[in-house]
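A.B. asks: Here it is, the structure in full.
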Amino acid sequence: MFGYGRSIFTWDGTLKELQGTYHSSVCKAGQRTSMTASPNTSSGLEVLLSTLQNAGDVESTLNILNVLDELLSAGTDRRILYMISKGGSEALLTALVNTARCFSPNYTLLLPMLHLLAKVGHRDRRIGVKAEDAGAVVLTLNLLKQNLQSPKRVAACLWVIQVFASSVSTANLIGENYGVDVIYRLIPQYTIKNLHTIKASINAFAAVLCTKANVCLVVSKGYISGLLRLYEDWHCKDTHHVAIAIRHALLRCLHKVTYSTAGREAFISLGGLHLIFQTTQTCLMNNALSSLVEPSVQLMRKCLPKTRLPLTSDLSTYSFPIPSKPNSDSYINKSVALKALLYIQSIGDSGEDSDEEEAEKNQTNTNIIDEDLETDLNKLRHRPEPDRPKEELAQYSVFCPELSHDFQELDLGSETERSSAASTSSDEEDEPCYSCSPRCSQRKGSDPFQGKHSSSAAHSDSCDFYIRSAVLGTSPSFRAMPQEPRGDNFLHQNGHDHNDEEEAADESCHHSAIDRLLERNASCIPHHEPKLYRTAASKTRSIPDFNILGFPDFWGHLPPKGSTPMAPRKPSVQRQKAFEDIQRFLNKDDIINRVVFDLDDSSLQCPSESTDSLKFFSKFESGNLRKAIQVRRFEYDLILNADVNCSQHSQWFYFEVSNMEPGVPYRFNIINCEKTNSQFNYGMQPVLYSVREALEGRPHWVRTGTEICYYRNHFCPVHGKNTATFYTLTFSVTFKYSDDVCYLAYHYPYTYSALKAHLKVLQKSVDPAKVFFRQQTLCRSLAENPCPIITITACPASRGWKDLHQLRNRSYIVLSGRVHPGESNASWVMKGTLEFLCSDDPVAQSLRESFVFKIIPILNPDGVVNGTNRCNLNSEDLNRQWRKPDPVLSPTIYHTKGFLYYLNSIGRTPLVYCDYHGHSRKKNVFLYGCSVKETLWQSAVDTVGVKEDPGYRTIPKTLDRIAPAFSFNSCNYLVEKSRSATARVVVWREIGVLRSYTMESTYNGCDQGIYKGIQMGTAELQEMGVKFCHSLLSVAKDVMTLYSRRLINHIALDHNILDHTSSDCFEDDEPPCVEEIEYSKDCPALQGADLDIDINNNMTSSDEDEEREEEHQRNSFSASQQSNMKSRLYHLITQTSLESE
Ligand SMILES: [Zn+2]
């Protein structure tokens, strides 16, 4: 029981009593009759709020305010939010308006009222609208204007205005009533008096700048200049750093005004960038000022004027005339222009193009029902008829040679066995006969290379495929070596006799420089033969007619011993890089700005020997570097080439660099990356290959680079709006030798020619009596590169009926990869798979006896050859073409799908289909599959009655057990609408393959298992390819099952050390970073900055006369009364808020 001031308002005990007492003693005039009508539905809080709005009694009101404030300041925001939900904001606003409208407002009441309103309103998202409705906005502004002499009242009004300004219309209303000007004039030069009032004024000023109109006002009145002067003044005079919060608040105002173009222009022209740069230097030297550094850096980054990329066009340097389209020139120009336009529009919305990657966004919160998920059961189960006439499928029977082969060689002796088997291998280059396809005749008539053949042949006569002379130059004895003419070998290559081409190659180059180089230096790289590579490369068709081999691809790569840990991120690396970028703008005279390499300018592709700059080169297979500009002595801006016929997707890079000084860190900035974030921010490094190291017996691609950072920059495309953004990947490399040629790449390169050479080596390596290995050409790509399809299975033990029957009843497994050319990791995984399947390993033997493997290792040969990142030559993502692939524009997809239809039509629907991909933003290796039930379940659709074979989980479960890099928890089986045209979904839905997967391998490394913290090398990637094969044993059927189980147990035992502490896949998979990756343009909040603390300080400080009365009032209750009151109200409010849940 307590006495409530002099009005002897009392309560004790229960809520009911409280309400009754209210009714009788406070609401005498029945102002709230509803309360008596339904006492049980009103909470104590509502009673208090009602009293607050209606009571004329100063002391009761004051006491209620006091009680509310004490209760609400304790505990979490939940109480305040509860109060807001019960109309707390409205009650306070009404009370404010009623009190302030009096002839002489009572500040004893108004001050605590404003304070509480600021605290509550701060947490009410609709406070602005509510304040307007209550007529409190202009009223508060007037209170401010009337009390400019009283710092305490000014502060209280400013906090409320700050809170009101959270709504745009309210902020505009304040601006229209000269609020912006009034508040601006309250910000003084440096002083030590009334700091919290000054801070309140700056914060309120920042708050009202949330609208365009107010920012325009500030710009037009020249307040930016004033703000800069103020910041400078406080910066210089606040030598004891007592006013950091004020300096921070001033920076926030500058942030707000520079959201507009006019604001940024004013900021730059008034020397803002220079001023902030200077002041930040001081801040960097003093720990106490560290909180000012980040807002300053962000401010400078934001205001740095947008700069167009130094290119003549956003379109790729490489263009390709699309065949079989009449008026192909105008067609391509139109489509390219349209795509460029769409791109420029989309990039403004920070749209992203990734394939499976987008799906991960939806994984981050399982509670959110993803609208992208397919919930239409008919569509999930739909198995439409083939997308082409059934008669067309017969042509694909040629790709099942194992079904028609008679294995006569098995009856012959071992000598003849080999030779006859070798002769069967000649079908590797067989063209499939598409007699029924109209495409054939069309294609022949419009060969895009027809015109090029003659020039290319003439060119080839005088110019062999030579390794760059620069490479030879690394070893002085080879510097003067002439390039070997291609000679007879070339005729063979363009002729039809493929069988002895290797021998021919051997002969013609017998005494070449390369041979001598190989003789002296070659190390033994398993499954790699440089000469085979050269032969393969000479037949590869590229848009620029590459006639130079990338040394690493030619020479070969051997994984270095040991593993490379992820690179630690240097603290503040992003800030430091941003500083250097800003310095460039401030001190333009220090910048060299010399173009040293330019794909668009042939005079800049082979710079003269004498320059002291690095030399760059990228015109070789899979190479990508469009332009290199030296900006400082040891710093280069690099621009990547967009995908062919396209103006976007730049991300993949692979180039040669030479003429370096040893021991000096060179900074490379790739300034037109497009993805919004990258594993480069999380420990991933690019890869480097040193020719000199290779010649000395260490032919390794190694992870390299320090000071790695990936961040948004100020560049924008050459054409279109300048709102689009690019990202910079920056890294520093210190070269070991001066006399070296090095290669740098996004990831371990794997060229199309490397695949062709590798297949030759594999073919030679297998025992034809055991392994049935066939390489055929599925079709030709747009640029007429053959798309290989490989058959691997076991030869039957004999020609006996039983053995042949077993062979012809094996299940089919179809694997594909590299539909996205930039995902070279997929090719290394595929390399592991291919080598394993051809090996003597008992598991491999078992797999071959159980399955027939059909492998299309590179679905996008043209993209891989021309160094594109994502698309085919028609600038389309081939993994979006599966639903209705165009036979002319997407031949590899059209025929892969056709072949799958064929298998389906002859009753051999594949048991497993897997498309190998790479993933740039996640760690580990994982699978995406398809499940009706999981998709529906995720969409909260009832799955009762839906039957599904859970077999799609067997392989990922097995992989989780046996593959160190694999993470089961990162897998998912959801069918998204946006993925409806991908291989995984189409093969599952249309071909009916239950186990249809995308396998995603990281570019970086793992965050679990024995590879945790390690960057993936090619050995680990290849191992993944092997483990994937192992996992297939788990789905092997009948006869083999027992044996398979035994094998798989054996495998599992070998890997007891596996430590899969699989984390929840729905969590962000990135490890905490030393430095927060900063992409927003907002001013970072000051830690510990809290409106409540300021308000409380204002309430307790009693240094002014006008507050003495209030103090007196406040002290008029006894301490026990207050505590009693508090406990009761606490009980009351917590109880009701709990009930409300
Ligand atoms: Zn991909």
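Ordering of the structure tokens sets the chain letters (A, B, ...), residue numbers begin anew at 1 in every chain, and ligands are numbered from 1 in the order given.
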Just list the residues in range 944-1008 of chain A DSSP gives strand (DSSP E or B) on the backbone, as a list in words.
C.D. replies: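 Taking range 944-1008 of chain A and keeping strand (DSSP E or B) gives Phe966, Asn972, Glu976, Arg995, Ser996, Tyr997, Thr998, Met999, Glu1000, Ser1001, Thr1002, Gly1005 and Cys1006 of chain A.
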A.B. asks: Can you tell me which residues sit at most 12 Å away from ligand 1, counting only C-alpha atoms and all ligand atoms, written as a PyMOL selection string?
C.D. replies: chain A and resi 353-358+816-827+859-860+869-871+877-880+915-921+928+979+982-984+998-1003
A.B. asks: Limited to C-alpha atoms, could you put the picked residues into a file as a compact mmCIF listing (two decimals), in the first residue's frame?
C.D. replies:
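Listing of again05.txt after writing:
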# COMPACT_ATOMS: atom_id res chain seq x y z
CA ASP A 353 23.82 -13.94 -61.52
CA SER A 354 25.08 -16.90 -59.65
CA ASP A 355 23.76 -20.30 -60.27
CA GLU A 356 23.22 -22.39 -57.23
CA GLU A 357 24.75 -19.71 -55.13
CA GLU A 358 21.60 -17.68 -54.83
CA SER A 816 29.18 -33.82 -66.67
CA GLY A 817 31.12 -30.74 -65.76
CA ARG A 818 32.46 -27.31 -66.53
CA VAL A 819 29.26 -25.87 -67.94
CA HIS A 820 30.56 -22.71 -66.28
CA PRO A 821 34.02 -22.07 -67.70
CA GLY A 822 35.31 -20.12 -64.69
CA GLU A 823 34.78 -23.16 -62.46
CA SER A 824 38.08 -24.84 -63.17
CA ASN A 825 37.87 -26.64 -59.82
CA ALA A 826 35.10 -28.76 -61.37
CA SER A 827 37.59 -29.98 -63.98
CA LEU A 859 29.96 -29.03 -71.46
CA ASN A 860 31.16 -25.60 -72.48
CA ASN A 869 33.66 -16.94 -66.73
CA ARG A 870 30.09 -18.09 -67.10
CA CYS A 871 28.56 -18.18 -70.57
CA ASP A 877 24.37 -19.35 -69.16
CA LEU A 878 24.19 -22.91 -70.49
CA ASN A 879 22.97 -24.15 -67.15
CA ARG A 880 19.79 -22.20 -67.78
CA ASP A 915 27.00 -32.08 -62.87
CA TYR A 916 30.32 -30.84 -61.42
CA HIS A 917 30.48 -27.15 -60.46
CA GLY A 918 32.55 -24.75 -58.42
CA HIS A 919 31.27 -22.42 -55.75
CA SER A 920 32.92 -19.08 -55.13
CA ARG A 921 31.30 -18.04 -51.89
CA TYR A 928 22.36 -30.11 -54.38
CA ARG A 979 16.58 -23.37 -61.07
CA THR A 982 19.30 -26.29 -64.68
CA ALA A 983 20.74 -29.71 -65.44
CA ARG A 984 19.98 -31.04 -61.97
CA THR A 998 24.92 -30.54 -58.76
CA MET A 999 28.24 -31.06 -57.00
CA GLU A 1000 29.64 -27.76 -55.76
CA SER A 1001 33.32 -27.57 -54.89
CA THR A 1002 34.74 -24.59 -53.10
CA TYR A 1003 37.48 -22.44 -54.61
A.B. asks: For range 721-733 of chain A, list every protein, DNA or RNA residue within 9 Å, evaluated using only C-alpha atoms, and leave out those in the same chain fewer than 4 positions away; present the list as a ChimeraX atom specification.
C.D. replies: /A:306-308,344-350,577,635,664-678,680,685-686,704-717
A.B. asks: Identify which of the residues A:Met684, A:Leu900, A:Ile84, A:Leu936 lies closest to Met566 in chain A, counting only C-alpha atoms when measuring atom-to-atom distances.
C.D. replies: A:Met684
A.B. asks: Compile the contact shell of range 89-101 of chain A as a PyMOL selection string: residues with an atom at most 6 Å away, counting only C-alpha atoms, same-chain residues fewer than 2 positions apart removed.
C.D. replies: chain A and resi 49+53+84+87+105
A.B. asks: Taking 2 positions as the minimum chain separation for residues in the same chain, which residues sit within 12 Å of Ser839 in chain A when counting only C-alpha atoms? Answer as number ranges by chain.
C.D. replies: A: 527, 762-768, 770-773, 792-794, 832-837, 841-848, 1026, 1029
A.B. asks: Next, dump the selected residues to file, keeping only N, CA and C atoms, as a JSON list (two decimals), in the first residue's frame.
C.D. replies:
[["chain", "number", "residue", "atom", "x", "y", "z"],
["A", 527, "HIS", "N", 50.06, -38.67, -65.81],
["A", 527, "HIS", "CA", 48.94, -38.38, -66.69],
["A", 527, "HIS", "C", 49.10, -37.08, -67.46],
["A", 762, "LEU", "N", 44.96, -41.14, -70.82],
["A", 762, "LEU", "CA", 44.16, -42.16, -70.13],
["A", 762, "LEU", "C", 43.90, -43.35, -71.04],
["A", 763, "GLN", "N", 43.56, -43.02, -72.27],
["A", 763, "GLN", "CA", 43.26, -44.07, -73.22],
["A", 763, "GLN", "C", 44.45, -45.02, -73.38],
["A", 764, "LYS", "N", 45.64, -44.38, -73.41],
["A", 764, "LYS", "CA", 46.85, -45.20, -73.55],
["A", 764, "LYS", "C", 47.13, -46.01, -72.29],
["A", 765, "SER", "N", 46.65, -45.48, -71.16],
["A", 765, "SER", "CA", 47.03, -46.09, -69.88],
["A", 765, "SER", "C", 46.20, -47.33, -69.53],
["A", 766, "VAL", "N", 45.00, -47.42, -70.09],
["A", 766, "VAL", "CA", 44.14, -48.51, -69.63],
["A", 766, "VAL", "C", 44.50, -49.84, -70.31],
["A", 767, "ASP", "N", 44.24, -50.88, -69.61],
["A", 767, "ASP", "CA", 44.42, -52.22, -70.15],
["A", 767, "ASP", "C", 43.15, -52.58, -70.93],
["A", 768, "PRO", "N", 43.23, -52.62, -72.25],
["A", 768, "PRO", "CA", 42.00, -52.80, -73.03],
["A", 768, "PRO", "C", 41.33, -54.15, -72.81],
["A", 770, "LYS", "N", 40.77, -55.22, -69.89],
["A", 770, "LYS", "CA", 39.98, -55.04, -68.66],
["A", 770, "LYS", "C", 39.01, -53.88, -68.76],
["A", 771, "VAL", "N", 39.53, -52.78, -69.31],
["A", 771, "VAL", "CA", 38.74, -51.55, -69.28],
["A", 771, "VAL", "C", 38.21, -51.23, -70.68],
["A", 772, "PHE", "N", 36.92, -51.06, -70.76],
["A", 772, "PHE", "CA", 36.33, -50.60, -72.01],
["A", 772, "PHE", "C", 36.28, -49.07, -71.93],
["A", 773, "PHE", "N", 37.17, -48.42, -72.70],
["A", 773, "PHE", "CA", 37.30, -46.96, -72.66],
["A", 773, "PHE", "C", 37.06, -46.43, -74.06],
["A", 792, "ILE", "N", 33.18, -45.47, -69.94],
["A", 792, "ILE", "CA", 34.10, -46.32, -69.17],
["A", 792, "ILE", "C", 33.27, -47.41, -68.50],
["A", 793, "THR", "N", 33.66, -48.64, -68.74],
["A", 793, "THR", "CA", 33.05, -49.76, -68.03],
["A", 793, "THR", "C", 34.05, -50.92, -68.09],
["A", 794, "ALA", "N", 33.70, -52.03, -67.46],
["A", 794, "ALA", "CA", 34.62, -53.18, -67.48],
["A", 794, "ALA", "C", 34.32, -54.02, -68.72],
["A", 832, "GLY", "N", 40.08, -36.23, -61.27],
["A", 832, "GLY", "CA", 40.19, -37.28, -60.25],
["A", 832, "GLY", "C", 39.26, -38.43, -60.55],
["A", 833, "THR", "N", 38.04, -38.12, -60.94],
["A", 833, "THR", "CA", 37.06, -39.15, -61.27],
["A", 833, "THR", "C", 37.54, -40.01, -62.44],
["A", 834, "LEU", "N", 37.97, -39.34, -63.52],
["A", 834, "LEU", "CA", 38.37, -40.06, -64.73],
["A", 834, "LEU", "C", 39.57, -40.97, -64.47],
["A", 835, "GLU", "N", 40.57, -40.42, -63.78],
["A", 835, "GLU", "CA", 41.77, -41.23, -63.53],
["A", 835, "GLU", "C", 41.45, -42.42, -62.65],
["A", 836, "PHE", "N", 40.59, -42.18, -61.67],
["A", 836, "PHE", "CA", 40.25, -43.29, -60.77],
["A", 836, "PHE", "C", 39.51, -44.39, -61.53],
["A", 837, "LEU", "N", 38.54, -43.97, -62.34],
["A", 837, "LEU", "CA", 37.73, -44.98, -63.04],
["A", 837, "LEU", "C", 38.56, -45.80, -64.01],
["A", 841, "ASP", "N", 42.69, -49.80, -59.22],
["A", 841, "ASP", "CA", 42.14, -49.89, -57.87],
["A", 841, "ASP", "C", 40.98, -50.90, -57.86],
["A", 842, "PRO", "N", 40.93, -51.78, -56.84],
["A", 842, "PRO", "CA", 39.84, -52.76, -56.80],
["A", 842, "PRO", "C", 38.45, -52.12, -56.74],
["A", 843, "VAL", "N", 38.37, -50.96, -56.08],
["A", 843, "VAL", "CA", 37.08, -50.28, -56.04],
["A", 843, "VAL", "C", 36.69, -49.84, -57.45],
["A", 844, "ALA", "N", 37.68, -49.32, -58.18],
["A", 844, "ALA", "CA", 37.41, -48.88, -59.55],
["A", 844, "ALA", "C", 36.96, -50.06, -60.40],
["A", 845, "GLN", "N", 37.64, -51.20, -60.22],
["A", 845, "GLN", "CA", 37.27, -52.40, -60.96],
["A", 845, "GLN", "C", 35.82, -52.79, -60.63],
["A", 846, "SER", "N", 35.51, -52.73, -59.35],
["A", 846, "SER", "CA", 34.17, -53.07, -58.92],
["A", 846, "SER", "C", 33.14, -52.12, -59.52],
["A", 847, "LEU", "N", 33.48, -50.84, -59.55],
["A", 847, "LEU", "CA", 32.57, -49.85, -60.12],
["A", 847, "LEU", "C", 32.35, -50.10, -61.61],
["A", 848, "ARG", "N", 33.44, -50.41, -62.30],
["A", 848, "ARG", "CA", 33.32, -50.66, -63.74],
["A", 848, "ARG", "C", 32.45, -51.90, -64.00],
["A", 1026, "VAL", "N", 37.63, -38.82, -56.70],
["A", 1026, "VAL", "CA", 37.77, -40.24, -56.38],
["A", 1026, "VAL", "C", 36.71, -40.67, -55.38],
["A", 1029, "CYS", "N", 33.37, -41.29, -56.72],
["A", 1029, "CYS", "CA", 33.26, -42.64, -57.30],
["A", 1029, "CYS", "C", 33.03, -43.67, -56.21]]
A.B. asks: Can you pull out the residues contacting Cys216 in chain A? Cut-off 12 Å, using only C-alpha atoms, and skip same-chain residues under 6 positions away; I want them as a list of chain:residue names.
C.D. replies: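 Surrounding residues, per the criterion: A:Asn172, A:Gly175, A:Val180, A:Val208, A:Leu209, A:Cys210, A:Gly222, A:Tyr223, A:Ile224, A:Lys256, A:Val257, A:Thr258, A:Tyr259, A:Ser260, A:Thr261, A:Ala262, A:Gly263, A:Arg264, A:Ala266.
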A.B. asks: In Å, with one decimal, what is the gap from CA of Val297 in chain A to CA of Arg575 in chain A?
C.D. replies: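 Between these atoms lies a distance of 6.9 Å.
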A.B. asks: What's around range 376-393 of chain A at 12 Å? Count only C-alpha atoms, leave out sequence neighbours fewer than 6 positions away in its own chain, and write the answer as JSON, numbers by chain.
C.D. replies: {"A": [399, 433, 434, 435, 436, 437, 438, 882, 883, 884, 885, 886, 887, 894, 895, 896, 897, 898, 899, 900, 901, 902, 903, 904, 905, 906, 930, 931, 932, 933, 934, 935, 936, 939, 941, 942, 943, 945, 946, 947, 948, 974, 975, 976, 977, 980, 985, 986, 987, 988, 989, 990, 991, 992, 993, 994]}
A.B. asks: Among range 627-765 of chain A, which ones does DSSP place in helix (DSSP H, G or I), written as a list in words?
C.D. replies: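 Put together, the selection reads Gln679, Phe680, Asn681, Tyr682, Val691, Arg692, Glu693, Ala694, Leu695, Tyr752, Ser753, Ala754, Leu755, Lys756, Ala757, His758, Leu759, Lys760, Val761, Leu762, Gln763, Lys764 and Ser765 of chain A.
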A.B. asks: Residues as selected, N, CA, C and O atoms, written as a short mmCIF file (atom, residue, chain, number, x, y, z; two decimals), in the first residue's frame, can you do that?
C.D. replies:
data_model
loop_
_atom_site.label_atom_id
_atom_site.label_comp_id
_atom_site.auth_asym_id
_atom_site.auth_seq_id
_atom_site.Cartn_x
_atom_site.Cartn_y
_atom_site.Cartn_z
N GLN A 679 35.33 -15.38 -51.47
CA GLN A 679 36.14 -16.12 -50.49
C GLN A 679 37.52 -15.47 -50.35
O GLN A 679 38.24 -15.78 -49.41
N PHE A 680 37.87 -14.57 -51.25
CA PHE A 680 39.13 -13.84 -51.09
C PHE A 680 39.13 -13.04 -49.78
O PHE A 680 40.18 -12.66 -49.28
N ASN A 681 37.94 -12.74 -49.27
CA ASN A 681 37.87 -12.07 -47.98
C ASN A 681 37.98 -13.04 -46.80
O ASN A 681 37.97 -12.62 -45.66
N TYR A 682 38.03 -14.33 -47.10
CA TYR A 682 37.99 -15.32 -46.02
C TYR A 682 39.12 -16.34 -46.13
O TYR A 682 38.92 -17.53 -45.95
N VAL A 691 57.65 -20.21 -64.05
CA VAL A 691 58.29 -21.02 -65.08
C VAL A 691 59.68 -21.46 -64.60
O VAL A 691 60.09 -22.59 -64.78
N ARG A 692 60.35 -20.55 -63.95
CA ARG A 692 61.69 -20.89 -63.49
C ARG A 692 61.67 -22.03 -62.47
O ARG A 692 62.46 -22.96 -62.55
N GLU A 693 60.73 -21.92 -61.55
CA GLU A 693 60.58 -23.01 -60.58
C GLU A 693 60.27 -24.32 -61.30
O GLU A 693 60.80 -25.37 -60.95
N ALA A 694 59.42 -24.22 -62.32
CA ALA A 694 59.03 -25.42 -63.05
C ALA A 694 60.25 -26.05 -63.72
O ALA A 694 60.45 -27.27 -63.66
N LEU A 695 61.08 -25.19 -64.33
CA LEU A 695 62.26 -25.71 -65.02
C LEU A 695 63.26 -26.30 -64.04
O LEU A 695 64.08 -27.13 -64.39
N TYR A 752 40.69 -26.65 -72.04
CA TYR A 752 40.02 -27.66 -72.86
C TYR A 752 41.06 -28.57 -73.52
O TYR A 752 40.89 -29.79 -73.58
N SER A 753 42.16 -27.97 -73.97
CA SER A 753 43.23 -28.79 -74.56
C SER A 753 43.82 -29.75 -73.53
O SER A 753 44.22 -30.87 -73.86
N ALA A 754 43.85 -29.30 -72.26
CA ALA A 754 44.35 -30.19 -71.21
C ALA A 754 43.46 -31.42 -71.10
O ALA A 754 43.95 -32.54 -70.90
N LEU A 755 42.18 -31.22 -71.23
CA LEU A 755 41.27 -32.37 -71.18
C LEU A 755 41.55 -33.33 -72.33
O LEU A 755 41.65 -34.54 -72.14
N LYS A 756 41.69 -32.75 -73.54
CA LYS A 756 41.90 -33.61 -74.70
C LYS A 756 43.20 -34.42 -74.55
O LYS A 756 43.24 -35.62 -74.84
N ALA A 757 44.24 -33.73 -74.07
CA ALA A 757 45.51 -34.43 -73.89
C ALA A 757 45.38 -35.49 -72.80
O ALA A 757 45.90 -36.60 -72.93
N HIS A 758 44.67 -35.13 -71.77
CA HIS A 758 44.49 -36.05 -70.64
C HIS A 758 43.75 -37.31 -71.09
O HIS A 758 44.10 -38.43 -70.70
N LEU A 759 42.73 -37.12 -71.91
CA LEU A 759 41.96 -38.28 -72.38
C LEU A 759 42.84 -39.21 -73.20
O LEU A 759 42.72 -40.44 -73.12
N LYS A 760 43.73 -38.62 -73.99
CA LYS A 760 44.66 -39.45 -74.78
C LYS A 760 45.54 -40.27 -73.86
O LYS A 760 45.75 -41.46 -74.08
N VAL A 761 46.07 -39.61 -72.84
CA VAL A 761 46.94 -40.31 -71.90
C VAL A 761 46.18 -41.44 -71.21
O VAL A 761 46.68 -42.55 -71.07
N LEU A 762 44.96 -41.14 -70.82
CA LEU A 762 44.16 -42.16 -70.13
C LEU A 762 43.90 -43.35 -71.04
O LEU A 762 44.02 -44.50 -70.64
N GLN A 763 43.56 -43.02 -72.27
CA GLN A 763 43.26 -44.07 -73.22
C GLN A 763 44.45 -45.02 -73.38
O GLN A 763 44.30 -46.22 -73.46
N LYS A 764 45.64 -44.38 -73.41
CA LYS A 764 46.85 -45.20 -73.55
C LYS A 764 47.13 -46.01 -72.29
O LYS A 764 47.79 -47.03 -72.33
N SER A 765 46.65 -45.48 -71.16
CA SER A 765 47.03 -46.09 -69.88
C SER A 765 46.20 -47.33 -69.53
O SER A 765 46.63 -48.16 -68.75
#
A.B. asks: What separation in Å, quoted to one decimal, exists between CA of Leu68 in chain A and CA of Phe164 in chain A?
C.D. replies: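 CA of Phe164 in chain A lies at a distance of 20.4 Å from CA of Leu68 in chain A.
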A.B. asks: For the interface of range 815-862 of chain A with range 807-811 of chain A (cut-off 9 Å, counting only C-alpha atoms), please tabulate each contacting residue of range 815-862 of chain A alongside its nearest pair of atoms and their separation in Å to one decimal, rows sorted by chain and increasing number, as JSON lines.
C.D. replies:
{"residue": "A:Glu849", "atom": "CA", "partner": "A:Leu807", "partner_atom": "CA", "distance": 7.5}
{"residue": "A:Ser850", "atom": "CA", "partner": "A:Arg810", "partner_atom": "CA", "distance": 5.7}
{"residue": "A:Phe851", "atom": "CA", "partner": "A:Ser811", "partner_atom": "CA", "distance": 4.9}
{"residue": "A:Val852", "atom": "CA", "partner": "A:Ser811", "partner_atom": "CA", "distance": 6.2}
{"residue": "A:Phe853", "atom": "CA", "partner": "A:Ser811", "partner_atom": "CA", "distance": 8.6}
A.B. asks: Give me, please, the distance in Å between CA of Ser658 in chain A and CA of Arg569 in chain A, quoted to one decimal.
C.D. replies: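 Interatomic distance, CA of Ser658 in chain A to CA of Arg569 in chain A: 27.1 Å.
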A.B. asks: Counting only C-alpha atoms, which of A:Ile322, A:Cys914, A:Leu1033, A:Leu549 gets nearest to Ile855 in chain A?
C.D. replies: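 The closest residue to Ile855 in chain A is A:Cys914.
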A.B. asks: Let me make sure I understand: among A:Ile591, A:Phe617, A:Gly272, A:Ser60, which one has the smallest atom-to-atom distance to Tyr636 in chain A if we use only C-alpha atoms?
C.D. replies: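 Counting only C-alpha atoms, the residue closest to Tyr636 in chain A is A:Ile591.
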